[in-house]
Amino acid sequence: MSHTVDENWVRSDLYHNSFLVRPDPALEHAIEASDEAGLDKIAVSPAQGKLLNLLARSINAKRILEVGTLGGYSTIWLARALPEGGHLVTAELEQKHADVARKNFEFAGLLSKIDIKVGPAADTLRNMQPEQPFDFVFIDADKPNNLPYYLEAKRMVRKGGVIIVDNVVRSGRVADPSEDNVYVNGVRKLLAHLKEDKDVEATTIATVGEKGFDGFTYILVL
């Protein structure tokens with residue numbers, strides 16, 4: 001995430017949201033409960049959450065996989081995209097985060113649609129053998145493991161399914177050759193793999209807004 005947030009970006013987000021993102025008690029509760037529990041303020045923004053919801057609905061997603069639950073804010077947006085009988089699996093490392101998220105899902109009336117798996121996500125994904133493939137995947141966890149998460153997710157996604165990987169621009173640092181840390185290198189490894197991966201087509205969209213200057217990679221499984 002960017003450490004510099006331009007006030008014009010924030011104002012623009014809030015302006016557009018005032019027309020396009022309705023106030024929502026369950027989502028507002030999820031943010032408040034996460035803040036009260038001391039969770040990092042790294043959830044997606046309202047506009048980003050709604051984009052995830054719309055994308056999942058656009059492909060009629062019935063089965064969704066999320067890597068990185070935190071307090072469940074993005075999970076609620078995604079679970080609300082599901083039709084009757086739809087299901088979401090979310091993987092979270094920290095039990096504390098999962099406990100906060102579970103209460104938020106209960107408050108939102110979505111607990112029956114969501115399965116929280118606690119533990120290292122690489123192990124969780126590796127051990128998953130779903131009877132039916134996933135339609136949509138959102139990867140928003142520890143960045144050094146972007147590539148392992150992607151590879152495990154891809155084997156479980158149907159043709160025509162979508163994988164989105166968040167925080168891949170990082171204020172432009174990923175493209176800065178002077179930057180060398182596990183976060184930018186985690187993104188670079190994923191990009192290098194995607195360049196040669198014949199099973200998918202992908203693009204990165206950079207974004208600015210109340211969460212700063214960042215972006216996501218949109219991956220279509222062919």
# chains A, B, ... in the order shown; residues from 1 in each chain; ligands from 1
call {"tool": "residues_around", "arguments": {"residues": "A:Leu54", "least_positions_apart": "5", "cutoff": "10 Å", "atoms": "only C-alpha atoms", "output": "PyMOL selection string"}}
result
chain A and resi 48-49+59-60+77-78+80-81
call {"tool": "residues_around", "arguments": {"residues": "A:Ile139", "least_positions_apart": "6", "cutoff": "9 Å", "atoms": "only C-alpha atoms", "output": "MDAnalysis selection string"}}
result
chainID A and resid 65:68 146 149:150 153 163:166
call {"tool": "write_last_selection", "arguments": {"atoms": "N, CA, C and O atoms", "output": "PDB file, in the first residue's frame"}}
result
ATOM      1  N   LEU A  65     -13.126 -18.297  -4.077  1.00  0.00           N
ATOM      2  CA  LEU A  65     -12.008 -18.544  -3.163  1.00  0.00           C
ATOM      3  C   LEU A  65     -11.328 -17.214  -2.860  1.00  0.00           C
ATOM      4  O   LEU A  65     -11.016 -16.452  -3.777  1.00  0.00           O
ATOM      5  N   GLU A  66     -11.097 -16.959  -1.573  1.00  0.00           N
ATOM      6  CA  GLU A  66     -10.372 -15.755  -1.159  1.00  0.00           C
ATOM      7  C   GLU A  66      -9.146 -16.177  -0.356  1.00  0.00           C
ATOM      8  O   GLU A  66      -9.245 -17.047   0.509  1.00  0.00           O
ATOM      9  N   VAL A  67      -8.017 -15.567  -0.640  1.00  0.00           N
ATOM     10  CA  VAL A  67      -6.785 -15.833   0.115  1.00  0.00           C
ATOM     11  C   VAL A  67      -6.441 -14.559   0.882  1.00  0.00           C
ATOM     12  O   VAL A  67      -6.044 -13.550   0.290  1.00  0.00           O
ATOM     13  N   GLY A  68      -6.621 -14.597   2.203  1.00  0.00           N
ATOM     14  CA  GLY A  68      -6.405 -13.431   3.049  1.00  0.00           C
ATOM     15  C   GLY A  68      -7.731 -12.835   3.478  1.00  0.00           C
ATOM     16  O   GLY A  68      -8.342 -12.053   2.751  1.00  0.00           O
ATOM     17  N   ASN A 146       2.754 -14.648  -3.412  1.00  0.00           N
ATOM     18  CA  ASN A 146       1.807 -14.445  -4.511  1.00  0.00           C
ATOM     19  C   ASN A 146       1.846 -15.586  -5.528  1.00  0.00           C
ATOM     20  O   ASN A 146       0.803 -16.091  -5.941  1.00  0.00           O
ATOM     21  N   TYR A 149       0.477 -18.977  -4.212  1.00  0.00           N
ATOM     22  CA  TYR A 149      -0.977 -18.867  -4.073  1.00  0.00           C
ATOM     23  C   TYR A 149      -1.645 -18.938  -5.447  1.00  0.00           C
ATOM     24  O   TYR A 149      -2.661 -19.621  -5.638  1.00  0.00           O
ATOM     25  N   TYR A 150      -1.084 -18.220  -6.399  1.00  0.00           N
ATOM     26  CA  TYR A 150      -1.645 -18.225  -7.749  1.00  0.00           C
ATOM     27  C   TYR A 150      -1.624 -19.629  -8.359  1.00  0.00           C
ATOM     28  O   TYR A 150      -2.627 -20.087  -8.925  1.00  0.00           O
ATOM     29  N   ALA A 153      -4.184 -21.799  -6.726  1.00  0.00           N
ATOM     30  CA  ALA A 153      -5.528 -21.354  -7.079  1.00  0.00           C
ATOM     31  C   ALA A 153      -5.875 -21.737  -8.515  1.00  0.00           C
ATOM     32  O   ALA A 153      -6.993 -22.207  -8.796  1.00  0.00           O
ATOM     33  N   ILE A 163      -9.011 -14.834 -11.724  1.00  0.00           N
ATOM     34  CA  ILE A 163      -8.179 -14.687 -10.528  1.00  0.00           C
ATOM     35  C   ILE A 163      -7.734 -13.237 -10.460  1.00  0.00           C
ATOM     36  O   ILE A 163      -7.191 -12.698 -11.438  1.00  0.00           O
ATOM     37  N   ILE A 164      -7.940 -12.598  -9.317  1.00  0.00           N
ATOM     38  CA  ILE A 164      -7.478 -11.226  -9.121  1.00  0.00           C
ATOM     39  C   ILE A 164      -6.452 -11.217  -8.001  1.00  0.00           C
ATOM     40  O   ILE A 164      -6.687 -11.773  -6.920  1.00  0.00           O
ATOM     41  N   VAL A 165      -5.309 -10.607  -8.272  1.00  0.00           N
ATOM     42  CA  VAL A 165      -4.243 -10.475  -7.274  1.00  0.00           C
ATOM     43  C   VAL A 165      -4.105  -8.996  -6.936  1.00  0.00           C
ATOM     44  O   VAL A 165      -3.875  -8.162  -7.821  1.00  0.00           O
ATOM     45  N   ASP A 166      -4.230  -8.669  -5.648  1.00  0.00           N
ATOM     46  CA  ASP A 166      -4.245  -7.267  -5.224  1.00  0.00           C
ATOM     47  C   ASP A 166      -2.851  -6.775  -4.830  1.00  0.00           C
ATOM     48  O   ASP A 166      -1.942  -7.565  -4.579  1.00  0.00           O
TER      49      ASP A 166
END
call {"tool": "residues_around", "arguments": {"residues": "stretch 56-58 of chain A", "least_positions_apart": "6", "cutoff": "10 Å", "atoms": "only C-alpha atoms", "output": "PyMOL selection string"}}
result
chain A and resi 50+64+77-83+135-138+161-162
call {"tool": "residues_around", "arguments": {"residues": "A:Pro133", "least_positions_apart": "4", "cutoff": "6 Å", "atoms": "only C-alpha atoms", "output": "list in words"}}
result
Met156, Val157 and Arg158 of chain A
call {"tool": "atom_distance", "arguments": {"atom1": "atom CA of A:Gly119", "atom2": "atom CA of A:Glu92"}}
result
6.1 Å
call {"tool": "residues_around", "arguments": {"residues": "A:Lys41", "least_positions_apart": "3", "cutoff": "12 Å", "atoms": "only C-alpha atoms", "output": "compact mmCIF listing (two decimals) with N, CA, C and O atoms, in the first residue's frame"}}
result
# COMPACT_ATOMS: atom_id res chain seq x y z
N MET A 1 0.83 -1.19 0.00
CA MET A 1 0.00 0.00 0.00
C MET A 1 0.88 1.25 0.00
O MET A 1 1.96 1.26 0.55
N ALA A 30 -18.29 -4.15 9.90
CA ALA A 30 -17.08 -4.96 9.71
C ALA A 30 -15.82 -4.10 9.88
O ALA A 30 -14.84 -4.54 10.51
N ILE A 31 -15.84 -2.90 9.34
CA ILE A 31 -14.68 -2.00 9.47
C ILE A 31 -14.52 -1.57 10.93
O ILE A 31 -13.40 -1.59 11.48
N GLU A 32 -15.62 -1.20 11.57
CA GLU A 32 -15.55 -0.75 12.97
C GLU A 32 -15.06 -1.87 13.88
O GLU A 32 -14.20 -1.66 14.75
N ALA A 33 -15.57 -3.08 13.69
CA ALA A 33 -15.17 -4.21 14.53
C ALA A 33 -13.70 -4.56 14.30
O ALA A 33 -12.98 -4.91 15.24
N SER A 34 -13.25 -4.45 13.06
CA SER A 34 -11.84 -4.73 12.74
C SER A 34 -10.94 -3.69 13.39
O SER A 34 -9.89 -4.04 13.95
N ASP A 35 -11.35 -2.43 13.34
CA ASP A 35 -10.56 -1.36 13.97
C ASP A 35 -10.51 -1.56 15.49
O ASP A 35 -9.45 -1.43 16.10
N GLU A 36 -11.65 -1.89 16.08
CA GLU A 36 -11.70 -2.09 17.54
C GLU A 36 -10.83 -3.26 17.98
O GLU A 36 -10.27 -3.25 19.08
N ALA A 37 -10.69 -4.26 17.12
CA ALA A 37 -9.87 -5.42 17.44
C ALA A 37 -8.39 -5.18 17.16
O ALA A 37 -7.57 -6.06 17.43
N GLY A 38 -8.06 -4.00 16.62
CA GLY A 38 -6.67 -3.66 16.37
C GLY A 38 -6.10 -4.25 15.10
O GLY A 38 -4.87 -4.31 14.92
N VAL A 44 -9.67 -3.65 1.51
CA VAL A 44 -9.95 -2.92 0.27
C VAL A 44 -10.86 -1.74 0.58
O VAL A 44 -11.54 -1.71 1.60
N SER A 45 -10.86 -0.76 -0.32
CA SER A 45 -11.74 0.39 -0.14
C SER A 45 -13.17 0.02 -0.55
O SER A 45 -13.39 -1.01 -1.20
N LEU A 70 -8.48 -11.25 6.70
CA LEU A 70 -8.41 -10.10 7.61
C LEU A 70 -9.72 -10.05 8.41
O LEU A 70 -10.09 -11.05 9.00
N GLY A 71 -10.43 -8.94 8.42
CA GLY A 71 -11.68 -8.85 9.18
C GLY A 71 -12.91 -9.20 8.38
O GLY A 71 -14.03 -9.06 8.87
N TYR A 73 -13.99 -7.86 5.40
CA TYR A 73 -14.68 -6.80 4.66
C TYR A 73 -14.84 -7.17 3.19
O TYR A 73 -15.95 -7.15 2.64
N GLU A 210 -8.54 6.41 -2.06
CA GLU A 210 -8.34 6.62 -0.62
C GLU A 210 -7.34 5.65 -0.02
O GLU A 210 -6.86 5.86 1.09
N LYS A 211 -6.99 4.58 -0.75
CA LYS A 211 -5.97 3.63 -0.28
C LYS A 211 -4.60 3.91 -0.89
O LYS A 211 -3.67 3.13 -0.72
call {"tool": "closest_residue", "arguments": {"among": "A:Ala192, A:Leu151, A:Val174, A:Val169", "to": "A:Thr217", "atoms": "only C-alpha atoms"}}
result
A:Val169
call {"tool": "select_by_dssp", "arguments": {"residues": "stretch 103-209 of chain A", "states": "strand (DSSP E)", "output": "PDB file with C-alpha atoms, in the first residue's frame"}}
result
ATOM      1  CA  ILE A 114     -18.729 -18.827   4.041  1.00  0.00           C
ATOM      2  CA  ASP A 115     -16.142 -21.409   5.099  1.00  0.00           C
ATOM      3  CA  ILE A 116     -13.151 -19.932   6.978  1.00  0.00           C
ATOM      4  CA  LYS A 117      -9.980 -22.028   6.869  1.00  0.00           C
ATOM      5  CA  VAL A 118      -7.358 -20.972   9.440  1.00  0.00           C
ATOM      6  CA  PHE A 134     -13.990 -22.208  -8.357  1.00  0.00           C
ATOM      7  CA  ASP A 135     -15.289 -19.469 -10.634  1.00  0.00           C
ATOM      8  CA  PHE A 136     -13.551 -16.502  -9.015  1.00  0.00           C
ATOM      9  CA  VAL A 137     -10.454 -16.075  -6.819  1.00  0.00           C
ATOM     10  CA  PHE A 138      -9.255 -13.013  -4.897  1.00  0.00           C
ATOM     11  CA  ILE A 139      -5.658 -13.164  -3.639  1.00  0.00           C
ATOM     12  CA  VAL A 157     -10.400 -22.607 -11.269  1.00  0.00           C
ATOM     13  CA  ARG A 158     -12.635 -23.438 -14.208  1.00  0.00           C
ATOM     14  CA  LYS A 159     -11.866 -22.339 -17.745  1.00  0.00           C
ATOM     15  CA  GLY A 160     -13.316 -18.853 -18.077  1.00  0.00           C
ATOM     16  CA  GLY A 161     -12.781 -18.262 -14.369  1.00  0.00           C
ATOM     17  CA  VAL A 162     -11.046 -15.168 -12.986  1.00  0.00           C
ATOM     18  CA  ILE A 163      -8.179 -14.687 -10.528  1.00  0.00           C
ATOM     19  CA  ILE A 164      -7.478 -11.226  -9.121  1.00  0.00           C
ATOM     20  CA  VAL A 165      -4.243 -10.475  -7.274  1.00  0.00           C
ATOM     21  CA  ASP A 166      -4.245  -7.267  -5.224  1.00  0.00           C
ATOM     22  CA  VAL A 200      -4.097 -17.519 -18.879  1.00  0.00           C
ATOM     23  CA  GLU A 201      -4.309 -13.962 -20.180  1.00  0.00           C
ATOM     24  CA  ALA A 202      -3.748 -11.109 -17.750  1.00  0.00           C
ATOM     25  CA  THR A 203      -3.411  -7.367 -17.314  1.00  0.00           C
ATOM     26  CA  THR A 204      -2.533  -5.033 -14.456  1.00  0.00           C
ATOM     27  CA  ILE A 205      -4.662  -1.981 -13.701  1.00  0.00           C
ATOM     28  CA  ALA A 206      -3.066   0.710 -11.536  1.00  0.00           C
ATOM     29  CA  THR A 207      -5.411   2.585  -9.203  1.00  0.00           C
ATOM     30  CA  VAL A 208      -5.342   5.731  -7.090  1.00  0.00           C
ATOM     31  CA  GLY A 209      -7.861   6.525  -4.372  1.00  0.00           C
TER      32      GLY A 209
END
call {"tool": "closest_residue", "arguments": {"among": "A:Leu39, A:Lys96, A:Asn104, A:Pro46", "to": "A:His16", "atoms": "only C-alpha atoms"}}
result
A:Pro46
call {"tool": "closest_residue", "arguments": {"among": "A:Lys143, A:Arg173, A:Lys198, A:His29", "to": "A:Ile219", "atoms": "only C-alpha atoms"}}
result
A:Lys198
call {"tool": "select_by_dssp", "arguments": {"residues": "stretch 9-219 of chain A", "states": "alpha helix (DSSP H)", "output": "MDAnalysis selection string"}}
result
chainID A and resid 9:20 25:36 46:58 73:79 95:108 121:126 146:154 182:196
call {"tool": "residues_around", "arguments": {"residues": "A:Pro120", "least_positions_apart": "6", "cutoff": "12 Å", "atoms": "only C-alpha atoms", "output": "list in words"}}
result
Val67, Gly68, Thr69, Thr90, Ala91, Glu92, Leu93, Glu94, Gln95, Arg126, Asn127, Ala141, Asp142, Asn145, Pro148 and Tyr149 of chain A
call {"tool": "atom_distance", "arguments": {"atom1": "atom CA of A:Thr124", "atom2": "atom CA of A:Leu222"}}
result
24.6 Å
call {"tool": "residues_around", "arguments": {"residues": "A:Val182", "least_positions_apart": "2", "cutoff": "10 Å", "atoms": "only C-alpha atoms", "output": "ChimeraX atom specification"}}
result
/A:142-145,179-180,184-188
call {"tool": "write_last_selection", "arguments": {"atoms": "N, CA, C and O atoms", "output": "short mmCIF file (atom, residue, chain, number, x, y, z; two decimals), in the first residue's frame"}}
result
data_model
loop_
_atom_site.label_atom_id
_atom_site.label_comp_id
_atom_site.auth_asym_id
_atom_site.auth_seq_id
_atom_site.Cartn_x
_atom_site.Cartn_y
_atom_site.Cartn_z
N ASP A 142 -0.16 -12.33 2.13
CA ASP A 142 1.25 -11.93 2.18
C ASP A 142 1.86 -11.99 0.79
O ASP A 142 1.79 -13.00 0.10
N LYS A 143 2.43 -10.88 0.36
CA LYS A 143 2.85 -10.71 -1.03
C LYS A 143 4.01 -11.62 -1.46
O LYS A 143 4.07 -12.02 -2.63
N PRO A 144 4.94 -11.99 -0.56
CA PRO A 144 6.02 -12.89 -1.01
C PRO A 144 5.50 -14.22 -1.55
O PRO A 144 6.17 -14.86 -2.36
N ASN A 145 4.30 -14.64 -1.13
CA ASN A 145 3.74 -15.91 -1.57
C ASN A 145 2.74 -15.78 -2.72
O ASN A 145 1.97 -16.71 -2.99
N GLU A 179 14.38 -0.80 -6.14
CA GLU A 179 13.65 -1.42 -5.03
C GLU A 179 13.94 -2.92 -4.99
O GLU A 179 13.87 -3.61 -6.01
N ASP A 180 14.28 -3.41 -3.81
CA ASP A 180 14.58 -4.83 -3.67
C ASP A 180 14.15 -5.30 -2.29
O ASP A 180 14.87 -5.15 -1.31
N VAL A 184 7.99 -6.43 -3.20
CA VAL A 184 8.04 -6.18 -4.64
C VAL A 184 8.53 -7.41 -5.39
O VAL A 184 8.06 -7.72 -6.49
N ASN A 185 9.45 -8.16 -4.79
CA ASN A 185 9.95 -9.36 -5.47
C ASN A 185 8.87 -10.44 -5.57
O ASN A 185 8.84 -11.21 -6.53
N GLY A 186 7.97 -10.48 -4.59
CA GLY A 186 6.85 -11.42 -4.67
C GLY A 186 5.97 -11.12 -5.87
O GLY A 186 5.50 -12.04 -6.56
N VAL A 187 5.74 -9.84 -6.14
CA VAL A 187 4.94 -9.44 -7.30
C VAL A 187 5.72 -9.72 -8.59
O VAL A 187 5.16 -10.23 -9.57
N ARG A 188 7.00 -9.40 -8.59
CA ARG A 188 7.81 -9.61 -9.80
C ARG A 188 7.86 -11.08 -10.20
O ARG A 188 7.82 -11.41 -11.40
#
call {"tool": "atom_distance", "arguments": {"atom1": "atom CA of A:Gly86", "atom2": "atom CA of A:Ala108"}}
result
15.8 Å
call {"tool": "decode", "arguments": {"residues": "stretch 14-98 of chain A", "atoms": "C-alpha atoms", "output": "compact mmCIF listing (two decimals), in the first residue's frame"}}
result
# COMPACT_ATOMS: atom_id res chain seq x y z
CA LEU A 14 -15.69 9.76 -1.81
CA TYR A 15 -17.45 11.81 -4.52
CA HIS A 16 -18.05 8.83 -6.80
CA ASN A 17 -18.98 6.61 -3.86
CA SER A 18 -21.63 9.12 -2.81
CA PHE A 19 -23.47 8.28 -6.04
CA LEU A 20 -22.56 4.63 -6.60
CA VAL A 21 -21.89 2.89 -3.26
CA ARG A 22 -24.85 2.84 -0.89
CA PRO A 23 -24.35 3.09 2.88
CA ASP A 24 -24.30 -0.42 4.32
CA PRO A 25 -24.57 -1.22 8.05
CA ALA A 26 -22.96 -4.67 7.75
CA LEU A 27 -19.91 -3.38 5.88
CA GLU A 28 -19.57 -0.38 8.20
CA HIS A 29 -19.83 -2.75 11.17
CA ALA A 30 -17.08 -4.96 9.71
CA ILE A 31 -14.68 -2.00 9.47
CA GLU A 32 -15.55 -0.75 12.97
CA ALA A 33 -15.17 -4.21 14.53
CA SER A 34 -11.84 -4.73 12.74
CA ASP A 35 -10.56 -1.36 13.97
CA GLU A 36 -11.70 -2.09 17.54
CA ALA A 37 -9.87 -5.42 17.44
CA GLY A 38 -6.67 -3.66 16.37
CA LEU A 39 -6.47 -5.22 12.91
CA ASP A 40 -4.33 -3.44 10.33
CA LYS A 41 -6.24 -0.90 8.23
CA ILE A 42 -5.44 -2.69 4.98
CA ALA A 43 -8.88 -3.83 3.79
CA VAL A 44 -9.95 -2.92 0.27
CA SER A 45 -11.74 0.39 -0.14
CA PRO A 46 -15.53 0.57 -0.63
CA ALA A 47 -15.10 1.23 -4.36
CA GLN A 48 -12.71 -1.72 -4.68
CA GLY A 49 -15.06 -3.95 -2.69
CA LYS A 50 -17.95 -3.08 -4.98
CA LEU A 51 -15.76 -3.74 -8.04
CA LEU A 52 -15.00 -7.24 -6.71
CA ASN A 53 -18.72 -7.78 -6.16
CA LEU A 54 -19.62 -6.63 -9.66
CA LEU A 55 -16.87 -8.70 -11.29
CA ALA A 56 -18.00 -11.85 -9.49
CA ARG A 57 -21.61 -11.18 -10.49
CA SER A 58 -20.56 -10.47 -14.08
CA ILE A 59 -19.30 -14.05 -14.50
CA ASN A 60 -22.17 -15.54 -12.45
CA ALA A 61 -19.73 -16.85 -9.86
CA LYS A 62 -21.20 -19.59 -7.69
CA ARG A 63 -17.98 -20.67 -5.99
CA ILE A 64 -15.44 -18.11 -4.78
CA LEU A 65 -12.01 -18.54 -3.16
CA GLU A 66 -10.37 -15.75 -1.16
CA VAL A 67 -6.78 -15.83 0.11
CA GLY A 68 -6.40 -13.43 3.05
CA THR A 69 -9.53 -12.79 5.13
CA LEU A 70 -8.41 -10.10 7.61
CA GLY A 71 -11.68 -8.85 9.18
CA GLY A 72 -13.83 -10.11 6.34
CA TYR A 73 -14.68 -6.80 4.66
CA SER A 74 -13.84 -7.93 1.12
CA THR A 75 -15.31 -11.35 1.94
CA ILE A 76 -18.69 -9.77 2.63
CA TRP A 77 -18.63 -7.92 -0.68
CA LEU A 78 -17.78 -11.18 -2.48
CA ALA A 79 -20.24 -13.37 -0.59
CA ARG A 80 -23.02 -10.96 -1.48
CA ALA A 81 -22.31 -11.63 -5.15
CA LEU A 82 -23.22 -15.29 -4.71
CA PRO A 83 -26.58 -16.67 -5.82
CA GLU A 84 -28.74 -18.94 -3.67
CA GLY A 85 -26.67 -22.06 -2.97
CA GLY A 86 -23.38 -20.29 -3.72
CA HIS A 87 -20.34 -20.82 -1.50
CA LEU A 88 -17.15 -18.96 -0.56
CA VAL A 89 -13.97 -20.36 0.98
CA THR A 90 -11.62 -17.86 2.64
CA ALA A 91 -8.13 -18.71 3.93
CA GLU A 92 -6.64 -16.77 6.86
CA LEU A 93 -3.38 -17.27 8.74
CA GLU A 94 -4.32 -15.61 12.03
CA GLN A 95 -6.96 -17.10 14.34
CA LYS A 96 -7.63 -13.61 15.78
CA HIS A 97 -8.50 -12.28 12.32
CA ALA A 98 -10.72 -15.28 11.62
